[in-house]
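K.L.:
Sharing a structure, written as structure tokens. Questions coming.
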Amino acid sequence: MAIITLTTDFGEKDHFAGATKGAIYSELPDVKIVDISHSVSPFNILEAGYIIQNAYNSFPKGTIHIIGIDSEINEENKHIALKLDDHYFICANNGIMSMICSEIAPEKIVEINIHDKIQTSFPVLDVFVKVACHIARGGTLEVIGKTIPGIKPTKHITPFVNDDKTQIIGSVIYVDNYGNVVTNIKRPFFESIQKGRSFEVSARNNKFKKIHNRYSDIVNFEIPEEKRHDEGRGLVVFNSGGFLEIAVYKSNSATVGSASTLMGLGLMDAISVSFSTESMLPKSLE
Amino acid sequence: MAIITLTTDFGEKDHFAGATKGAIYSELPDVKIVDISHSVSPFNILEAGYIIQNAYNSFPKGTIHIIGIDSEINEENKHIALKLDDHYFICANNGIMSMICSEIAPEKIVEINIHDKIQTSFPVLDVFVKVACHIARGGTLEVIGKTIPGIKPTKHITPFVNDDKTQIIGSVIYVDNYGNVVTNIKRPFFESIQKGRSFEVSARNNKFKKIHNRYSDIVNFEIPEEKRHDEGRGLVVFNSGGFLEIAVYKSNSATVGSASTLMGLGLMDAISVSFSTESMLPKSLE
Amino acid sequence: MAIITLTTDFGEKDHFAGATKGAIYSELPDVKIVDISHSVSPFNILEAGYIIQNAYNSFPKGTIHIIGIDSEINEENKHIALKLDDHYFICANNGIMSMICSEIAPEKIVEINIHDKIQTSFPVLDVFVKVACHIARGGTLEVIGKTIPGIKPTKHITPFVNDDKTQIIGSVIYVDNYGNVVTNIKRPFFESIQKGRSFEVSARNNKFKKIHNRYSDIVNFEIPEEKRHDEGRGLVVFNSGGFLEIAVYKSNSATVGSASTLMGLGLMDAISVSFSTESMLPKSLE
């Protein structure tokens, strides 16, 4: 049976997520419902895009993803369903999907029109659930809407590169549960600009000359544990999603601090990478 | 197979919700368990009542709802199970069900007595799970307790109307994830008093003369998007549950502010509606 | 079909928990996944140990528990799988399991070595899921690693007792959703030292001479409800897990206060119990 996932800004307390699940089970008792997140910051398109991009492809092909962020329909905010990478996504056409679509072209996008007569202030429940169940039963996208050529773009998903390719200026697009600060600079993009040159990552007045693969790469295990002072040290990694991330080793925003709290980095803040102007060197990253 | 839902104040961190699910699956491996909320404010009967009222009827008939708020048994706080609207509810007799019961009469209420010998400090696990599994197996309420005629009432669920019906004084009964402020004034009740008259909603020093059906009704889409200033504007809607709600367009309590933070409205605060004393007019609402 | 539970510090917002569930369903569509907690404080071994110890044994025998806290592999932090009390646990060898193992000896512990070639910064997804699915399919622990004799210990799980057994000095190991403060003093241990003597529990400058079984034991139901002042009163209970807990009746850290906020008690703070030096008395506890 199909899997339907939920990514919303409903929060953990309100009845919205529970009601949505009830409505799905009322239509399809045997479907599997998986919460991806209900704690997206209210109306935050960029966060939602990051979360769904990093979660969706762990699910089996054919999974249906409901994304309930800023989904009230109006003349500028239409509902869409799309097929991409053999997964289905149902959301408002508000930019949420533009991060994924910038990497993988959708196979099909439709603007949902089955609900032209539904007056609703809870579109996830009244519209998205119906569309998801239609797809879960094997229904096609054509039945629920008219094909459209593209989706609404979002800002801040692509970093800027200067003309002589000596600098990348990226933005913070996500702050995770550990207070680590994720940028929109992805590893293949970084490496395509770097071409083996040495570099310096700048985040406010913090500078880093190395990008790690694991957080504990900064620990010197030859020093006895009680003499180390690694907790709280800043570092840069490519995270498990391939994004350049400013991190703090064993961070906790509520106690010892984190990249976000210690370095004062928040959503939309600039992170830059400067490359050496020396002639190309053998690949030195890693 | 039956669905069992959970609505509690256990929070997201503690082991209580997980242990409860484990106990249910130990009895009934094929049952479906759905979390409605574990983030009800500790001991908050009114919040729990609002959440369960708005979530339960999206679920299929026959669903069993465990509500674990203030459920420690003592001589004043007995455990009950009841059937209402073809759903089952298991909770303490502390007023949680009075909001639902004020609208729909229960078919049957029993005071649970199967546990007279159970000494427990975790009644959801030790009592409610057993009762829920009994019902899920098709057991009757009569077996688990003695029928009682009614439940314990709660305060604050009914708004006040003055004698000449020119004013409703309601209370804030819930603040949702968007900081929107929900009152105990429901649409049918409002309309039965309004009878088409013009009106003014007052929430502290904020006044509103219109009640919308959608949040984006306040947006003038003829103005170019970059010249609009709608985010952060206050409005009044009947929300998806039919409750009069003071909202802020695209609110976020943590960043731009919300009805709760910007207008200083919290649980139990008064919200009033004054009606024109002019003679009745044609129905003007919406 | 098997049950796989998840206990992590991933938080409620990030994609990590969702991605993990997607990966499990991709391997085993019919398994049941249960969230125990994703809100363990980041890197907090002690909290994770407390939560899993109190949740696991409500689940059926054979359940597989993934614990994703501080699980990045390095030369000092290996991955282990163990069988204990007919349950399976998969985690880093960082002390999480030492609280449970101090009470119940594991039947088998292996250090996982199937992933020697996996370069990962998301070990729960890339390693723990594979091990869990292997066990869920009926695979043995021997296949996935080499047997090791014991696990890494944690501090603070055993209270201190003085030589003449007149005092126990315990530590706060957990603060729950109600702000109640849980110590590492368990009931059987307490009673083995107490031997029926009268006692005094000290938590900062708060003193208690009685340990209750229920929170509402402090209420005198003979006084009319409107004349009682029990909400906000401190008390000591043995909680549902058998741990000595400093509590406040009907507490809420965000509003009326809790044991943690009102008494200023946090993780690792000392809680002491002094026993009367009088000759042994008949058992007076409860």
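Residue numbering restarts at 1 in every chain; chains get A, B, ... in the order shown in the structure tokens, and ligands count up from 1 in that same order.
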Can you pull out every residue from stretch 141-186 of chain B that DSSP, working from the backbone, puts in helix (DSSP H, G or I), and format the result as number ranges by chain?

P.N.:
B: 141-144

K.L.:
Store the residues of this selection in a file with C-alpha atoms, as an mmCIF file, in the first residue's frame.

P.N.:
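Result went into selection_23.cif, see below:
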data_model
loop_
_atom_site.group_PDB
_atom_site.id
_atom_site.type_symbol
_atom_site.label_atom_id
_atom_site.label_comp_id
_atom_site.auth_asym_id
_atom_site.auth_seq_id
_atom_site.Cartn_x
_atom_site.Cartn_y
_atom_site.Cartn_z
ATOM 1 C CA LEU B 141 -18.783 -0.254 27.790
ATOM 2 C CA GLU B 142 -21.080 -2.018 30.245
ATOM 3 C CA VAL B 143 -18.361 -4.570 31.017
ATOM 4 C CA ILE B 144 -15.841 -1.987 32.145
#

K.L.:
Quick one: everything within 6 Å of stretch 14-22 of chain B, counting only C-alpha atoms, minus sequence neighbours fewer than 4 positions away in the same chain. Send it as an MDAnalysis selection string.

P.N.:
(chainID B and resid 125) or (chainID C and resid 36 51 55 58:59)

K.L.:
Using only C-alpha atoms, determine which residues of chain C fall within 10 Å of chain A; present them as a ChimeraX atom specification.

P.N.:
/C:9-27,29-30,32-33,39,41-44,70,72-77,119-123,125

K.L.:
Using C-alpha atoms, can you write the selected residues to a file as an mmCIF file, in the first residue's frame?

P.N.:
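Below is the file selection-v7.cif, written as the result:
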data_model
loop_
_atom_site.group_PDB
_atom_site.id
_atom_site.type_symbol
_atom_site.label_atom_id
_atom_site.label_comp_id
_atom_site.auth_asym_id
_atom_site.auth_seq_id
_atom_site.Cartn_x
_atom_site.Cartn_y
_atom_site.Cartn_z
ATOM 1 C CA ASP C 9 18.019 13.856 19.579
ATOM 2 C CA PHE C 10 16.953 14.782 16.029
ATOM 3 C CA GLY C 11 14.295 17.201 17.299
ATOM 4 C CA GLU C 12 10.812 17.655 15.913
ATOM 5 C CA LYS C 13 11.686 19.911 12.982
ATOM 6 C CA ASP C 14 14.563 18.440 10.993
ATOM 7 C CA HIS C 15 14.243 15.833 8.249
ATOM 8 C CA PHE C 16 16.348 13.233 10.039
ATOM 9 C CA ALA C 17 13.547 11.241 11.705
ATOM 10 C CA GLY C 18 11.398 11.297 8.564
ATOM 11 C CA ALA C 19 14.278 10.179 6.374
ATOM 12 C CA THR C 20 15.059 7.356 8.801
ATOM 13 C CA LYS C 21 11.475 6.090 8.632
ATOM 14 C CA GLY C 22 11.520 6.307 4.842
ATOM 15 C CA ALA C 23 14.668 4.209 4.736
ATOM 16 C CA ILE C 24 13.140 1.556 7.013
ATOM 17 C CA TYR C 25 9.941 1.317 4.959
ATOM 18 C CA SER C 26 12.047 1.117 1.785
ATOM 19 C CA GLU C 27 13.633 -2.036 3.160
ATOM 20 C CA PRO C 29 7.270 -2.178 3.947
ATOM 21 C CA ASP C 30 5.379 -4.096 6.627
ATOM 22 C CA LYS C 32 5.821 -1.027 12.372
ATOM 23 C CA ILE C 33 7.802 2.073 13.351
ATOM 24 C CA SER C 39 13.452 15.418 21.675
ATOM 25 C CA SER C 41 18.536 17.063 24.519
ATOM 26 C CA PRO C 42 21.373 17.065 21.948
ATOM 27 C CA PHE C 43 24.137 14.572 22.877
ATOM 28 C CA ASN C 44 22.528 13.863 26.264
ATOM 29 C CA ASP C 70 25.889 10.970 19.528
ATOM 30 C CA GLU C 72 28.879 9.510 14.667
ATOM 31 C CA ILE C 73 31.412 6.724 14.438
ATOM 32 C CA ASN C 74 35.036 7.366 15.305
ATOM 33 C CA GLU C 75 37.808 5.414 16.937
ATOM 34 C CA GLU C 76 36.359 6.021 20.402
ATOM 35 C CA ASN C 77 32.681 5.786 19.523
ATOM 36 C CA GLN C 119 31.633 6.730 4.824
ATOM 37 C CA THR C 120 28.637 8.418 6.383
ATOM 38 C CA SER C 121 27.677 11.499 8.296
ATOM 39 C CA PHE C 122 24.199 10.096 8.966
ATOM 40 C CA PRO C 123 24.887 6.767 10.696
ATOM 41 C CA LEU C 125 20.150 6.210 8.332
#

K.L.:
Atom CA of A:His87 and atom CA of A:Ile173 are how many Å apart?

P.N.:
23.5 Å

K.L.:
At what distance in Å, to one decimal, does atom CA of B:Val248 lie from atom CA of B:Thr261?

P.N.:
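About the pair atom CA of B:Thr261 and atom CA of B:Val248: they are 10.0 Å apart.
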
K.L.:
As number ranges by chain, please: the residues near B:Ile96 (cut-off 8 Å, only C-alpha atoms, same-chain neighbours under 6 positions excluded).

P.N.:
B: 45-46, 48-49, 154

K.L.:
Once DSSP has gone over the backbone, tell me which residues of stretch 13-236 of chain A are in strand (DSSP E), as a ChimeraX atom specification.

P.N.:
/A:32-37,64-68,79-84,87-92,108-112,145-147,160-161,167-175,181-186,199-203,206-208,234-236

K.L.:
Just the number, please: distance in Å from atom CA of B:Gly145 to atom CA of B:Ile114, one decimal.

P.N.:
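Straight-line distance from atom CA of B:Gly145 to atom CA of B:Ile114 works out to 6.7 Å.
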
K.L.:
Could you name the residues that touch C:Asp164 at 12 Å or less, counting only C-alpha atoms, but leaving out those on the same chain fewer than 6 positions away, as a list in words?

P.N.:
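That gives Ile193, Gln194, Ser274, Phe275, Ser276 and Thr277 of chain C.
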
K.L.:
Since we have the selection now, will you write its residues out, keeping all heavy atoms, as a CSV table (one decimal), in the first residue's frame?

P.N.:
chain,number,residue,atom,x,y,z
C,193,ILE,N,18.4,0.4,51.8
C,193,ILE,CA,19.2,1.2,52.8
C,193,ILE,C,18.3,1.6,53.9
C,193,ILE,O,18.7,1.7,55.1
C,193,ILE,CB,19.8,2.4,52.1
C,193,ILE,CG1,20.6,2.1,50.8
C,193,ILE,CG2,20.6,3.3,53.0
C,193,ILE,CD1,21.8,1.2,51.0
C,194,GLN,N,17.1,2.0,53.6
C,194,GLN,CA,16.2,2.5,54.6
C,194,GLN,C,15.9,1.5,55.8
C,194,GLN,O,16.0,1.9,56.9
C,194,GLN,CB,14.9,2.9,54.0
C,194,GLN,CG,13.9,3.6,55.0
C,194,GLN,CD,12.5,3.4,54.6
C,194,GLN,OE1,12.1,2.7,53.7
C,194,GLN,NE2,11.6,4.2,55.3
C,274,SER,N,18.6,11.5,54.2
C,274,SER,CA,19.3,11.2,55.5
C,274,SER,C,18.3,10.3,56.3
C,274,SER,O,17.1,10.6,56.4
C,274,SER,CB,19.5,12.5,56.3
C,274,SER,OG,20.3,13.4,55.6
C,275,PHE,N,18.9,9.3,56.9
C,275,PHE,CA,18.1,8.3,57.6
C,275,PHE,C,18.3,8.6,59.1
C,275,PHE,O,19.5,8.9,59.6
C,275,PHE,CB,18.5,6.9,57.3
C,275,PHE,CG,18.1,6.6,55.9
C,275,PHE,CD1,19.1,6.6,54.9
C,275,PHE,CD2,16.8,6.3,55.5
C,275,PHE,CE1,18.7,6.4,53.5
C,275,PHE,CE2,16.5,6.0,54.2
C,275,PHE,CZ,17.4,6.1,53.2
C,276,SER,N,17.3,8.3,59.8
C,276,SER,CA,17.4,8.4,61.3
C,276,SER,C,18.5,7.4,61.8
C,276,SER,O,18.6,6.3,61.3
C,276,SER,CB,16.0,8.0,61.9
C,276,SER,OG,16.2,7.7,63.2
C,277,THR,N,19.2,7.9,62.8
C,277,THR,CA,20.2,7.0,63.4
C,277,THR,C,19.6,6.2,64.5
C,277,THR,O,20.3,5.4,65.1
C,277,THR,CB,21.4,7.8,63.9
C,277,THR,OG1,20.9,8.8,64.8
C,277,THR,CG2,22.2,8.4,62.8

K.L.:
Counting only C-alpha atoms, which of B:Arg137, B:His79, B:His65, B:Lys207 gets nearest to B:Val31?

P.N.:
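Checking each of B:Arg137, B:His79, B:His65, B:Lys207 against B:Val31, counting only C-alpha atoms, the winner is B:Arg137.
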
K.L.:
For A:Ile169, which of A:Ile157, A:Val236, A:Ile151, A:Ala105 is the closest residue, counting only C-alpha atoms?

P.N.:
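Closest residue, counting only C-alpha atoms: A:Ile157.
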